[in-house]
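Printed here is query-v9.pdb (PDB, C-alpha atoms):
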ATOM      1  CA  MET N   1      28.842  -1.923  36.366
ATOM      2  CA  GLU N   2      30.978  -2.232  33.222
ATOM      3  CA  PRO N   3      29.763  -0.525  30.041
ATOM      4  CA  GLY N   4      30.633  -3.455  27.796
ATOM      5  CA  ILE N   5      28.752  -2.334  24.709
ATOM      6  CA  TRP N   6      29.362   1.384  24.837
ATOM      7  CA  ALA N   7      32.710   2.775  23.814
ATOM      8  CA  GLY N   8      34.217   6.238  23.899
ATOM      9  CA  ASP N   9      33.780   9.199  26.183
ATOM     10  CA  ALA N  10      30.349  10.353  27.248
ATOM     11  CA  ALA N  11      28.719  13.142  25.357
ATOM     12  CA  GLY N  12      26.461  13.226  28.400
ATOM     13  CA  GLY N  13      25.447  16.442  30.031
ATOM     14  CA  ALA N  14      25.335  18.538  26.875
ATOM     15  CA  GLY N  15      24.427  21.347  29.199
ATOM     16  CA  ARG N  16      26.184  20.311  32.377
ATOM     17  CA  GLY N  17      25.501  22.984  34.916
ATOM     18  CA  VAL N  18      23.929  25.220  32.262
ATOM     19  CA  GLY N  19      22.140  28.205  33.771
ATOM     20  CA  GLU N  20      22.032  29.463  37.311
ATOM     21  CA  ARG N  21      19.517  27.980  39.682
ATOM     22  CA  PRO N  22      16.473  30.258  39.493
ATOM     23  CA  ALA N  23      14.414  31.270  42.466
ATOM     24  CA  VAL N  24      11.243  30.657  40.462
ATOM     25  CA  VAL N  25      10.639  28.423  37.445
ATOM     26  CA  SER N  26       7.616  29.484  35.427
ATOM     27  CA  GLY N  27       5.673  30.424  38.506
ATOM     28  CA  PHE N  28       6.781  27.371  40.492
ATOM     29  CA  ALA N  29       8.354  28.530  43.722
ATOM     30  CA  ALA N  30      11.647  26.803  44.306
ATOM     31  CA  GLY N  31      11.970  24.868  47.518
ATOM     32  CA  PRO N  32      10.483  21.822  49.212
ATOM     33  CA  GLY N  33       7.459  20.901  47.140
ATOM     34  CA  ILE N  34       7.526  17.163  47.691
ATOM     35  CA  GLU N  35       5.481  17.171  50.879
ATOM     36  CA  VAL N  36       2.687  19.098  49.170
ATOM     37  CA  ALA N  37       2.764  16.966  46.039
ATOM     38  CA  VAL N  38       2.739  13.705  47.954
ATOM     39  CA  GLY N  39      -0.106  14.952  50.097
ATOM     40  CA  VAL N  40      -2.154  15.760  47.005
ATOM     41  CA  ARG N  41      -1.402  12.362  45.503
ATOM     42  CA  GLY N  42      -2.440  10.568  48.686
ATOM     43  CA  GLY N  43      -3.367   6.898  48.747
ATOM     44  CA  THR N  44      -6.801   5.688  47.683
ATOM     45  CA  ASP N  45      -8.722   2.466  48.143
ATOM     46  CA  ARG N  46      -7.743   1.439  44.625
ATOM     47  CA  LEU N  47      -4.051   1.880  45.364
ATOM     48  CA  ALA N  48      -4.341  -0.080  48.571
ATOM     49  CA  PHE N  49      -6.033  -2.891  46.656
ATOM     50  CA  GLU N  50      -3.262  -2.954  44.062
ATOM     51  CA  GLU N  51      -0.501  -2.906  46.642
ATOM     52  CA  THR N  52      -2.166  -5.709  48.595
ATOM     53  CA  SER N  53      -2.524  -7.736  45.400
ATOM     54  CA  ALA N  54       1.125  -7.205  44.543
ATOM     55  CA  GLY N  55       2.080  -8.278  48.032
ATOM     56  CA  SER N  56       0.361 -11.625  47.454
ATOM     57  CA  SER N  57       1.712 -12.049  43.922
ATOM     58  CA  PRO N  58       0.732 -15.299  42.195
ATOM     59  CA  PHE N  59       4.267 -15.642  40.803
ATOM     60  CA  CYS N  60       6.159 -15.930  44.081
ATOM     61  CA  GLY N  61       6.165 -18.469  46.845
ATOM     62  CA  PRO N  62       7.751 -21.846  47.533
ATOM     63  CA  LEU N  63       5.717 -23.632  44.837
ATOM     64  CA  TYR N  64       7.155 -21.660  41.917
ATOM     65  CA  ARG N  65      10.343 -20.163  43.390
ATOM     66  CA  CYS N  66      10.322 -17.239  40.994
ATOM     67  CA  ARG N  67      12.008 -13.964  41.707
ATOM     68  CA  LEU N  68       9.973 -10.976  40.661
ATOM     69  CA  ILE N  69      11.327  -7.558  39.683
ATOM     70  CA  LEU N  70       8.873  -4.693  40.129
ATOM     71  CA  LEU N  71       9.161  -2.006  37.456
ATOM     72  CA  LYS N  72       8.018   1.568  36.937
ATOM     73  CA  GLY N  73       5.438   2.942  39.363
ATOM     74  CA  ILE N  74       5.066   0.158  41.852
ATOM     75  CA  GLY N  75       8.840  -0.347  41.907
ATOM     76  CA  LEU N  76       9.325   3.377  42.563
ATOM     77  CA  SER N  77       6.712   3.485  45.322
ATOM     78  CA  ARG N  78       9.452   2.582  47.832
ATOM     79  CA  TYR N  79      10.796   6.141  47.534
ATOM     80  CA  TYR N  80       7.556   7.791  48.670
ATOM     81  CA  PRO N  81       6.944   8.487  52.385
ATOM     82  CA  SER N  82       4.245   5.831  52.109
ATOM     83  CA  PRO N  83       4.243   3.467  49.099
ATOM     84  CA  LEU N  84       0.460   3.816  48.858
ATOM     85  CA  GLN N  85       0.940   7.456  47.932
ATOM     86  CA  ARG N  86       2.301   6.467  44.521
ATOM     87  CA  GLU N  87      -0.631   6.073  42.127
ATOM     88  CA  CYS N  88      -0.401   2.952  39.979
ATOM     89  CA  GLY N  89      -2.355   1.542  37.070
ATOM     90  CA  ASP N  90      -1.295  -1.963  36.147
ATOM     91  CA  ILE N  91       1.638  -3.679  37.838
ATOM     92  CA  ASP N  92       4.727  -4.025  35.643
ATOM     93  CA  ILE N  93       6.848  -7.078  36.378
ATOM     94  CA  LEU N  94       9.895  -8.881  35.017
ATOM     95  CA  LEU N  95      10.800 -12.434  36.004
ATOM     96  CA  PRO N  96      14.535 -13.303  35.851
ATOM     97  CA  GLU N  97      13.451 -16.923  35.412
ATOM     98  CA  GLY N  98      11.843 -15.946  32.120
ATOM     99  CA  PHE N  99       8.863 -14.271  30.506
ATOM    100  CA  GLU N 100       7.394 -17.630  29.495
ATOM    101  CA  LYS N 101       7.626 -18.871  33.090
ATOM    102  CA  GLY N 102       5.294 -16.096  34.198
ATOM    103  CA  ASN N 103       2.763 -17.012  31.524
ATOM    104  CA  GLU N 104       3.020 -20.690  32.415
ATOM    105  CA  ILE N 105       2.347 -20.004  36.097
ATOM    106  CA  ALA N 106      -0.566 -17.735  35.228
ATOM    107  CA  ARG N 107      -2.230 -20.302  32.986
ATOM    108  CA  CYS N 108      -1.726 -23.071  35.556
ATOM    109  CA  ARG N 109      -3.573 -20.917  38.084
ATOM    110  CA  GLY N 110      -6.448 -20.188  35.721
ATOM    111  CA  MET N 111      -5.553 -16.574  35.005
ATOM    112  CA  LYS N 112      -6.258 -14.829  31.745
ATOM    113  CA  VAL N 113      -3.198 -14.155  29.578
ATOM    114  CA  SER N 114      -3.783 -11.712  26.735
ATOM    115  CA  GLY N 115      -2.248  -8.985  24.595
ATOM    116  CA  LEU N 116       0.859 -10.972  23.690
ATOM    117  CA  ASP N 117       3.442  -9.061  21.658
ATOM    118  CA  TYR N 118       7.218  -9.111  21.417
ATOM    119  CA  LYS N 119       7.676  -6.800  24.438
ATOM    120  CA  HIS N 120       5.125  -7.959  27.026
ATOM    121  CA  ASN N 121       1.667  -9.328  27.640
ATOM    122  CA  HIS N 122      -1.102  -8.894  30.204
ATOM    123  CA  ILE N 123      -2.077 -11.227  33.023
ATOM    124  CA  CYS N 124      -5.239 -10.578  34.997
ATOM    125  CA  SER N 125      -5.272 -11.843  38.586
ATOM    126  CA  ASN N 126      -8.156 -11.070  40.973
ATOM    127  CA  GLY N 127      -9.062  -7.970  39.004
ATOM    128  CA  VAL N 128      -5.492  -6.644  38.994
ATOM    129  CA  MET N 129      -3.639  -6.344  35.681
ATOM    130  CA  PHE N 130      -0.010  -7.460  35.587
ATOM    131  CA  GLU N 131       2.107  -6.437  32.612
ATOM    132  CA  ASN N 132       4.546  -9.309  32.238
ATOM    133  CA  HIS N 133       7.647  -8.019  30.450
ATOM    134  CA  ARG N 134       9.858  -9.965  28.116
ATOM    135  CA  TYR N 135      11.753  -6.831  27.139
ATOM    136  CA  LEU N 136      11.946  -3.388  28.756
ATOM    137  CA  THR N 137      12.194  -1.294  25.586
ATOM    138  CA  SER N 138      10.498  -0.915  22.222
ATOM    139  CA  PHE N 139      13.485  -1.579  19.982
ATOM    140  CA  LYS N 140      11.848  -2.496  16.663
ATOM    141  CA  GLY N 141      13.919  -0.950  13.887
ATOM    142  CA  LYS N 142      16.201   0.855  16.373
ATOM    143  CA  SER N 143      19.713  -0.526  16.729
ATOM    144  CA  ASP N 144      20.663   1.906  19.522
ATOM    145  CA  ILE N 145      17.632   0.990  21.653
ATOM    146  CA  ARG N 146      18.346  -2.664  20.921
ATOM    147  CA  ARG N 147      21.798  -2.169  22.482
ATOM    148  CA  LEU N 148      20.144  -0.563  25.510
ATOM    149  CA  GLU N 149      17.825  -3.555  25.798
ATOM    150  CA  ARG N 150      20.857  -5.822  25.795
ATOM    151  CA  ILE N 151      22.279  -3.843  28.711
ATOM    152  CA  PHE N 152      19.034  -4.388  30.638
ATOM    153  CA  GLN N 153      18.853  -8.098  29.830
ATOM    154  CA  ASP N 154      22.510  -8.659  30.736
ATOM    155  CA  ALA N 155      21.956  -6.823  34.032
ATOM    156  CA  VAL N 156      19.000  -9.046  34.920
ATOM    157  CA  LYS N 157      20.827 -12.226  33.925
ATOM    158  CA  GLY N 158      23.792 -11.081  36.007
ATOM    159  CA  GLY N 159      21.635 -10.507  39.083
ATOM    160  CA  ASP N 160      21.970  -6.710  38.988
ATOM    161  CA  PHE N 161      18.815  -6.089  41.020
ATOM    162  CA  VAL N 162      18.132  -5.394  44.677
ATOM    163  CA  PRO N 163      15.587  -6.583  47.271
ATOM    164  CA  PHE N 164      12.289  -4.732  47.604
ATOM    165  CA  GLY N 165      10.772  -5.350  51.035
ATOM    166  CA  GLU N 166      10.826  -8.753  52.686
ATOM    167  CA  ASP N 167       8.562 -10.807  50.435
ATOM    168  CA  GLY N 168      10.973 -11.910  47.722
ATOM    169  CA  PHE N 169      10.412  -8.921  45.461
ATOM    170  CA  HIS N 170      13.171  -6.951  43.769
ATOM    171  CA  THR N 171      13.805  -3.768  41.796
ATOM    172  CA  LEU N 172      16.502  -2.958  39.265
ATOM    173  CA  SER N 173      19.782  -1.705  40.710
ATOM    174  CA  PRO N 174      20.006   2.107  41.004
ATOM    175  CA  THR N 175      22.211   2.605  37.918
ATOM    176  CA  VAL N 176      20.166   0.281  35.704
ATOM    177  CA  ASN N 177      16.936   1.754  37.053
ATOM    178  CA  ALA N 178      18.166   5.298  36.343
ATOM    179  CA  LEU N 179      18.722   4.321  32.715
ATOM    180  CA  TYR N 180      15.349   2.591  32.499
ATOM    181  CA  ILE N 181      13.403   5.462  34.099
ATOM    182  CA  THR N 182      15.140   7.937  31.796
ATOM    183  CA  TYR N 183      14.422   5.855  28.689
ATOM    184  CA  HIS N 184      10.812   5.218  29.649
ATOM    185  CA  GLY N 185      10.067   8.805  30.661
ATOM    186  CA  PHE N 186      11.814  10.353  27.666
ATOM    187  CA  PHE N 187       9.989   8.337  25.025
ATOM    188  CA  HIS N 188       6.669   8.921  26.735
ATOM    189  CA  PHE N 189       7.511  12.620  26.800
ATOM    190  CA  LEU N 190       8.395  12.646  23.099
ATOM    191  CA  ILE N 191       5.329  10.794  21.878
ATOM    192  CA  GLU N 192       2.546  10.816  24.452
ATOM    193  CA  GLY N 193       3.536  13.255  27.156
ATOM    194  CA  ILE N 194       4.159  12.689  30.852
ATOM    195  CA  THR N 195       2.518  13.920  34.037
ATOM    196  CA  LEU N 196       3.731  15.469  37.283
ATOM    197  CA  ARG N 197       3.827  11.953  38.672
ATOM    198  CA  HIS N 198       6.763  11.112  36.381
ATOM    199  CA  LEU N 199       8.661  14.218  37.467
ATOM    200  CA  LEU N 200       8.081  13.408  41.133
ATOM    201  CA  ASP N 201       9.137   9.777  40.606
ATOM    202  CA  TRP N 202      12.494  10.900  39.258
ATOM    203  CA  ALA N 203      12.994  13.526  41.961
ATOM    204  CA  LEU N 204      12.379  11.077  44.797
ATOM    205  CA  PHE N 205      14.387   8.303  43.168
ATOM    206  CA  VAL N 206      17.454  10.368  42.288
ATOM    207  CA  GLY N 207      17.364  12.213  45.612
ATOM    208  CA  LYS N 208      17.603   8.901  47.443
ATOM    209  CA  GLU N 209      19.938   7.003  45.115
ATOM    210  CA  GLN N 210      22.239   9.762  43.834
ATOM    211  CA  ASN N 211      25.276   8.285  45.591
ATOM    212  CA  ALA N 212      24.510   4.728  44.468
ATOM    213  CA  ILE N 213      24.258   5.574  40.748
ATOM    214  CA  ASP N 214      27.355   5.253  38.579
ATOM    215  CA  TRP N 215      27.010   8.662  36.916
ATOM    216  CA  ASN N 216      29.989   8.220  34.606
ATOM    217  CA  TYR N 217      28.424   5.070  33.163
ATOM    218  CA  PHE N 218      24.956   6.625  33.157
ATOM    219  CA  TYR N 219      26.097   9.635  31.126
ATOM    220  CA  ARG N 220      28.186   7.505  28.790
ATOM    221  CA  VAL N 221      25.131   5.460  27.834
ATOM    222  CA  CYS N 222      22.820   8.489  27.757
ATOM    223  CA  GLY N 223      25.309  10.366  25.584
ATOM    224  CA  ASN N 224      25.269   7.566  23.007
ATOM    225  CA  LEU N 225      21.483   7.497  23.033
ATOM    226  CA  GLY N 226      20.814  11.244  23.033
ATOM    227  CA  PHE N 227      19.171  11.177  26.473
ATOM    228  CA  SER N 228      21.589  13.444  28.351
ATOM    229  CA  ARG N 229      19.814  16.773  28.025
ATOM    230  CA  PHE N 230      16.486  15.268  29.070
ATOM    231  CA  ALA N 231      18.124  13.656  32.127
ATOM    232  CA  ASP N 232      19.793  16.946  33.063
ATOM    233  CA  THR N 233      16.488  18.793  32.639
ATOM    234  CA  MET N 234      14.809  16.299  34.967
ATOM    235  CA  ASN N 235      17.592  16.861  37.496
ATOM    236  CA  ALA N 236      17.068  20.629  37.307
ATOM    237  CA  ILE N 237      13.331  20.224  37.881
ATOM    238  CA  ALA N 238      14.006  17.915  40.840
ATOM    239  CA  VAL N 239      16.051  20.658  42.490
ATOM    240  CA  ASP N 240      14.190  23.804  41.407
ATOM    241  CA  VAL N 241      10.592  22.600  41.643
ATOM    242  CA  TRP N 242      10.556  19.702  44.088
ATOM    243  CA  GLY N 243      13.303  21.030  46.371
ATOM    244  CA  VAL N 244      15.441  17.891  46.269
ATOM    245  CA  SER N 245      19.083  18.284  47.247
ATOM    246  CA  LEU N 246      21.364  16.814  44.573
ATOM    247  CA  THR N 247      24.932  17.248  45.776
ATOM    248  CA  ASN N 248      26.716  14.342  44.126
ATOM    249  CA  PRO N 249      29.385  15.874  41.846
ATOM    250  CA  GLY N 250      28.505  13.422  39.082
ATOM    251  CA  VAL N 251      25.021  14.913  38.670
ATOM    252  CA  SER N 252      24.596  17.605  36.027
ATOM    253  CA  PHE N 253      21.837  20.059  35.200
ATOM    254  CA  ASP N 254      20.423  21.793  32.141
ATOM    255  CA  ARG N 255      17.859  24.549  32.690
ATOM    256  CA  ARG N 256      17.450  25.738  29.110
ATOM    257  CA  CYS N 257      14.243  23.793  28.517
ATOM    258  CA  THR N 258      12.735  23.507  32.006
ATOM    259  CA  ASP N 259       9.999  26.099  31.384
ATOM    260  CA  ARG N 260       8.917  24.436  28.183
ATOM    261  CA  VAL N 261       9.023  20.933  29.649
ATOM    262  CA  LEU N 262       6.917  22.002  32.636
ATOM    263  CA  ALA N 263       4.393  23.759  30.383
ATOM    264  CA  ASP N 264       4.038  20.608  28.272
ATOM    265  CA  VAL N 265       3.608  18.407  31.352
ATOM    266  CA  LEU N 266       0.922  20.657  32.809
ATOM    267  CA  ALA N 267      -0.945  20.883  29.479
ATOM    268  CA  ASN N 268      -1.451  17.106  29.634
ATOM    269  CA  LYS N 269      -3.144  16.898  26.222
ATOM    270  CA  ARG N 270      -1.302  14.119  24.438
ATOM    271  CA  HIS N 271      -2.312  10.890  26.128
ATOM    272  CA  VAL N 272      -3.580   8.013  23.991
ATOM    273  CA  SER N 273      -4.226   5.328  26.614
ATOM    274  CA  GLY N 274      -7.610   3.674  26.197
ATOM    275  CA  LEU N 275      -8.120   4.769  22.593
ATOM    276  CA  PRO N 276      -8.846   2.198  19.859
ATOM    277  CA  VAL N 277      -5.768   1.161  17.858
ATOM    278  CA  TYR N 278      -6.706   3.145  14.735
ATOM    279  CA  LYS N 279      -7.229   6.309  16.778
ATOM    280  CA  ARG N 280      -4.167   5.717  18.909
ATOM    281  CA  ARG N 281      -1.804   5.487  15.940
ATOM    282  CA  SER N 282      -3.119   8.624  14.279
ATOM    283  CA  LYS N 283      -2.959  10.445  17.608
ATOM    284  CA  LEU N 284       0.649   9.342  18.106
ATOM    285  CA  VAL N 285       1.591  10.752  14.694
ATOM    286  CA  CYS N 286      -0.112  14.055  15.566
ATOM    287  CA  ASN N 287       1.717  14.087  18.911
ATOM    288  CA  MET N 288       5.060  13.624  17.198
ATOM    289  CA  LEU N 289       4.358  16.393  14.696
ATOM    290  CA  SER N 290       3.363  18.812  17.442
ATOM    291  CA  SER N 291       6.471  17.862  19.444
ATOM    292  CA  ARG N 292       9.097  18.786  16.884
ATOM    293  CA  TRP N 293      10.825  21.062  19.378
ATOM    294  CA  LYS N 294      11.397  18.117  21.721
ATOM    295  CA  TYR N 295      13.256  16.154  19.080
ATOM    296  CA  ARG N 296      15.327  19.165  18.096
ATOM    297  CA  GLN N 297      16.096  20.685  21.508
ATOM    298  CA  LEU N 298      16.148  17.661  23.819
ATOM    299  CA  TYR N 299      16.923  14.679  21.581
ATOM    300  CA  GLY N 300      19.175  16.348  19.013
ATOM    301  CA  ARG N 301      17.583  14.257  16.267
ATOM    302  CA  SER N 302      15.292  14.736  13.312
ATOM    303  CA  LEU N 303      11.613  14.117  13.953
ATOM    304  CA  PHE N 304      11.147  12.752  10.451
ATOM    305  CA  GLY N 305      14.163  10.500  10.808
ATOM    306  CA  GLU N 306      12.662   9.034  13.977
ATOM    307  CA  MET N 307       9.292   8.614  12.267
ATOM    308  CA  ALA N 308      11.016   6.758   9.436
ATOM    309  CA  ARG N 309      12.693   4.436  11.957
ATOM    310  CA  SER N 310       9.307   3.720  13.551
ATOM    311  CA  VAL N 311       7.713   2.948  10.184
ATOM    312  CA  PHE N 312      10.648   0.712   9.240
ATOM    313  CA  GLY N 313      10.285  -1.206  12.496
ATOM    314  CA  LEU N 314       6.546  -1.627  11.993
ATOM    315  CA  LEU N 315       6.941  -2.908   8.415
ATOM    316  CA  PHE N 316      10.160  -4.910   8.471
ATOM    317  CA  ASP N 317      10.834  -5.828  12.105
ATOM    318  CA  ALA N 318       7.388  -7.079  13.058
ATOM    319  CA  SER N 319       8.548  -9.895  15.381
ATOM    320  CA  PRO N 320      11.940  -8.811  16.648
ATOM    321  CA  GLU N 321      14.214 -10.945  18.735
ATOM    322  CA  LEU N 322      17.123  -9.717  20.819
ATOM    323  CA  LYS N 323      20.249 -11.250  19.331
TER
END
Could you rewrite the structure in this file as structure tokens?
Amino acid sequence: MEPGIWAGDAAGGAGRGVGERPAVVSGFAAGPGIEVAVGVRGGTDRLAFEETSAGSSPFCGPLYRCRLILLKGIGLSRYYPSPLQRECGDIDILLPEGFEKGNEIARCRGMKVSGLDYKHNHICSNGVMFENHRYLTSFKGKSDIRRLERIFQDAVKGGDFVPFGEDGFHTLSPTVNALYITYHGFFHFLIEGITLRHLLDWALFVGKEQNAIDWNYFYRVCGNLGFSRFADTMNAIAVDVWGVSLTNPGVSFDRRCTDRVLADVLANKRHVSGLPVYKRRSKLVCNMLSSRWKYRQLYGRSLFGEMARSVFGLLFDASPELK
């Protein structure tokens, strides 16, 4: 995959190989923890229902001839010993044939389409919520994230996705997916927090796809975006906590913040899902203020500068288009 937009050498891996691999990380015994974690997160009736619904997606089939890219959780379920072991909420999708095509199909089949904004909307089908994506990032007021979005859109238009199962579904290619998972996880971590599920997703994904990812390109993009240290911290956790073997020489590690990242994940106090809009926005501001160390130590950017960018996007980039 050619970088195209990004120029210059990667700043990626600010802490490449930083720190020796510890035997214990904050009380977490190093070694194979995946089997235990997956067992704890075993499948439920709700997950089975969601997977079955995805398998009979209203957007595929000979009538509509739409390809469907599965994103986030349900797209990552392929890396679990059983896909039903990956807990999912709604089902995130992207149609290469176009965001509007998905809405058109949904309305023709009598489904409810709601929550339309510049990034995605919601489609309810048989009690299952699909999040139909137009864009993969929140780039309002952020020129660097807008460039990342262009990378994603160009990849989709260029067919840079791979089959998922035998029913016409797809996922992003390993390199593009690595960038997307890193972006998505990092911004959730900065603002809302993430859970052990996100850490396990990355560990299973990178353990399986490490030799299919273009690490030079990955770190070049991450270096331009300020994502490198977070990615390297996730790699260190994959090895030290989950017991994944990462032997590809392109992979790097940074263990300086692993204890603090794990403590934040386990605290699990920052989530805003389900709150009314007025409460959610105030909670997000409080989350950002209490996460100053993340911006400084992992992002290498000013918290208040990032808050200003968010306010600018809200006020002056209300209906952004990717140009």
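Between CA of Arg309 in chain N and CA of Phe139 in chain N there is a distance of 10.1 Å.
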With range 144-160 of chain N as the partner and 9 Å as the cut-off, tabulate the residues of range 201-312 of chain N that qualify, each row holding the nearest pair of atoms and their distance in Å to one decimal, using only C-alpha atoms, sorted by chain and rising number, as CSV.
residue,atom,partner,partner_atom,distance
N:Val221,CA,N:Leu148,CA,8.2
N:Asn224,CA,N:Asp144,CA,8.1
N:Leu225,CA,N:Asp144,CA,6.7
Would you write out those residues with C-alpha atoms, as a short mmCIF file (atom, residue, chain, number, x, y, z; two decimals), in the coordinates of the input?
data_model
loop_
_atom_site.label_atom_id
_atom_site.label_comp_id
_atom_site.auth_asym_id
_atom_site.auth_seq_id
_atom_site.Cartn_x
_atom_site.Cartn_y
_atom_site.Cartn_z
CA VAL N 221 25.13 5.46 27.83
CA ASN N 224 25.27 7.57 23.01
CA LEU N 225 21.48 7.50 23.03
#
Evaluate the PyMOL selection byres ((chain N and resi 201-204) around 9) and report residues as an mmCIF file with C-alpha atoms, in the coordinates of the input:
data_model
loop_
_atom_site.group_PDB
_atom_site.id
_atom_site.type_symbol
_atom_site.label_atom_id
_atom_site.label_comp_id
_atom_site.auth_asym_id
_atom_site.auth_seq_id
_atom_site.Cartn_x
_atom_site.Cartn_y
_atom_site.Cartn_z
ATOM 1 C CA ILE N 34 7.526 17.163 47.691
ATOM 2 C CA GLY N 73 5.438 2.942 39.363
ATOM 3 C CA LEU N 76 9.325 3.377 42.563
ATOM 4 C CA SER N 77 6.712 3.485 45.322
ATOM 5 C CA TYR N 79 10.796 6.141 47.534
ATOM 6 C CA TYR N 80 7.556 7.791 48.670
ATOM 7 C CA ARG N 86 2.301 6.467 44.521
ATOM 8 C CA ALA N 178 18.166 5.298 36.343
ATOM 9 C CA ILE N 181 13.403 5.462 34.099
ATOM 10 C CA THR N 182 15.140 7.937 31.796
ATOM 11 C CA LEU N 196 3.731 15.469 37.283
ATOM 12 C CA ARG N 197 3.827 11.953 38.672
ATOM 13 C CA HIS N 198 6.763 11.112 36.381
ATOM 14 C CA LEU N 199 8.661 14.218 37.467
ATOM 15 C CA LEU N 200 8.081 13.408 41.133
ATOM 16 C CA PHE N 205 14.387 8.303 43.168
ATOM 17 C CA VAL N 206 17.454 10.368 42.288
ATOM 18 C CA GLY N 207 17.364 12.213 45.612
ATOM 19 C CA LYS N 208 17.603 8.901 47.443
ATOM 20 C CA GLU N 209 19.938 7.003 45.115
ATOM 21 C CA MET N 234 14.809 16.299 34.967
ATOM 22 C CA ASN N 235 17.592 16.861 37.496
ATOM 23 C CA ILE N 237 13.331 20.224 37.881
ATOM 24 C CA ALA N 238 14.006 17.915 40.840
ATOM 25 C CA VAL N 239 16.051 20.658 42.490
ATOM 26 C CA TRP N 242 10.556 19.702 44.088
ATOM 27 C CA GLY N 243 13.303 21.030 46.371
ATOM 28 C CA VAL N 244 15.441 17.891 46.269
#
Worksheet item: Looking at all atoms listed in the file, which of N:Arg67, N:Arg229, N:Arg301, N:Lys112 is the one that sits closest to Asp167 in chain N?
Response: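 Checking each candidate against Asp167 in chain N, we get N:Arg67 as the closest.
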Item to complete: Kindly indicate which residue among N:Arg78, N:His120, N:Lys72, N:Arg260 lies nearest to Leu179 in chain N, using only C-alpha atoms for the distances.
Response: N:Lys72
Item to complete: Would you mind telling me which residue in N:Glu321, N:Ser228, N:Gly110, N:Ile74 lies nearest to Tyr183 in chain N when using all atoms listed in the file?
Response: N:Ser228
Practice prompt. Mind giving me the straight-line distance from CA of Met288 in chain N to CA of Gly223 in chain N in Å, one decimal?
Written response: 22.2 Å
Practice prompt. Considering all atoms listed in the file, state which residue in the set N:Glu104, N:Asp232, N:Asp240, N:Asp214 is at the smallest distance from Phe186 in chain N.
Written response: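 Nearest candidate to Phe186 in chain N out of N:Glu104, N:Asp232, N:Asp240, N:Asp214: N:Asp232.
Applied to this file, the PyMOL selection byres ((chain N and resi 211) around 12) selects the residues N:Pro174, N:Thr175, N:Phe205, N:Val206, N:Gly207, N:Lys208, N:Glu209, N:Gln210, N:Ala212, N:Ile213, N:Asp214, N:Trp215, N:Asn216, N:Ser245, N:Leu246, N:Thr247, N:Asn248, N:Pro249, N:Gly250, N:Val251.
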Worksheet item: Taking the file as shown, what set of residues would the PyMOL selection byres ((chain N and resi 114) around 12) give back, as JSON, numbers by chain?
Response: {"N": [103, 106, 107, 111, 112, 113, 115, 116, 117, 120, 121, 122, 123, 124, 125, 129, 130, 131, 132]}
Discussion item. Between CA of Cys108 in chain N and CA of Ile93 in chain N, what is the distance in Å, rounded to a tenth?
Written reply: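 Computed distance, CA of Cys108 in chain N to CA of Ile93 in chain N, equals 18.2 Å.
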Worksheet item: Leaving out range 290-294 of chain N and any residue of its chain fewer than 5 positions from it, which residues lie within 12 Å of it when counting only C-alpha atoms, given as a PyMOL selection string?
Response: chain N and resi 186-193+226-227+229-230+257-258+260-261+264+269-270+283-285+299-307
The centre and edge lengths of an axis-aligned box containing all atoms of range 107-113 of chain N present in the file, extended by 6 Å on each side, are to be given in Å to one decimal, as AutoDock Vina command-line options.
--center_x -4.1 --center_y -18.6 --center_z 33.8 --size_x 16.7 --size_y 20.9 --size_z 20.5
Discussion item. I'd like to know which of N:Thr137, N:Leu94, N:Glu87, N:Arg109 is closest to Leu322 in chain N, using all atoms listed in the file.
Written reply: N:Thr137
Atom completion result for range 282-290 of chain N (N, CA and C atoms) as a PDB file, in the coordinates of the input:
ATOM      1  N   SER N 282      -3.025   7.293  14.886  1.00  0.00           N
ATOM      2  CA  SER N 282      -3.119   8.624  14.279  1.00  0.00           C
ATOM      3  C   SER N 282      -2.815   9.711  15.304  1.00  0.00           C
ATOM      4  N   LYS N 283      -3.239   9.481  16.547  1.00  0.00           N
ATOM      5  CA  LYS N 283      -2.959  10.445  17.608  1.00  0.00           C
ATOM      6  C   LYS N 283      -1.463  10.516  17.900  1.00  0.00           C
ATOM      7  N   LEU N 284      -0.786   9.365  17.867  1.00  0.00           N
ATOM      8  CA  LEU N 284       0.649   9.342  18.106  1.00  0.00           C
ATOM      9  C   LEU N 284       1.396  10.134  17.035  1.00  0.00           C
ATOM     10  N   VAL N 285       0.965   9.994  15.778  1.00  0.00           N
ATOM     11  CA  VAL N 285       1.591  10.752  14.694  1.00  0.00           C
ATOM     12  C   VAL N 285       1.388  12.247  14.920  1.00  0.00           C
ATOM     13  N   CYS N 286       0.159  12.641  15.282  1.00  0.00           N
ATOM     14  CA  CYS N 286      -0.112  14.055  15.566  1.00  0.00           C
ATOM     15  C   CYS N 286       0.732  14.556  16.734  1.00  0.00           C
ATOM     16  N   ASN N 287       0.890  13.711  17.764  1.00  0.00           N
ATOM     17  CA  ASN N 287       1.717  14.087  18.911  1.00  0.00           C
ATOM     18  C   ASN N 287       3.156  14.349  18.482  1.00  0.00           C
ATOM     19  N   MET N 288       3.683  13.467  17.648  1.00  0.00           N
ATOM     20  CA  MET N 288       5.060  13.624  17.198  1.00  0.00           C
ATOM     21  C   MET N 288       5.228  14.904  16.383  1.00  0.00           C
ATOM     22  N   LEU N 289       4.272  15.186  15.530  1.00  0.00           N
ATOM     23  CA  LEU N 289       4.358  16.393  14.696  1.00  0.00           C
ATOM     24  C   LEU N 289       4.295  17.658  15.541  1.00  0.00           C
ATOM     25  N   SER N 290       3.486  17.628  16.589  1.00  0.00           N
ATOM     26  CA  SER N 290       3.363  18.812  17.442  1.00  0.00           C
ATOM     27  C   SER N 290       4.502  18.910  18.458  1.00  0.00           C
TER      28      SER N 290
END
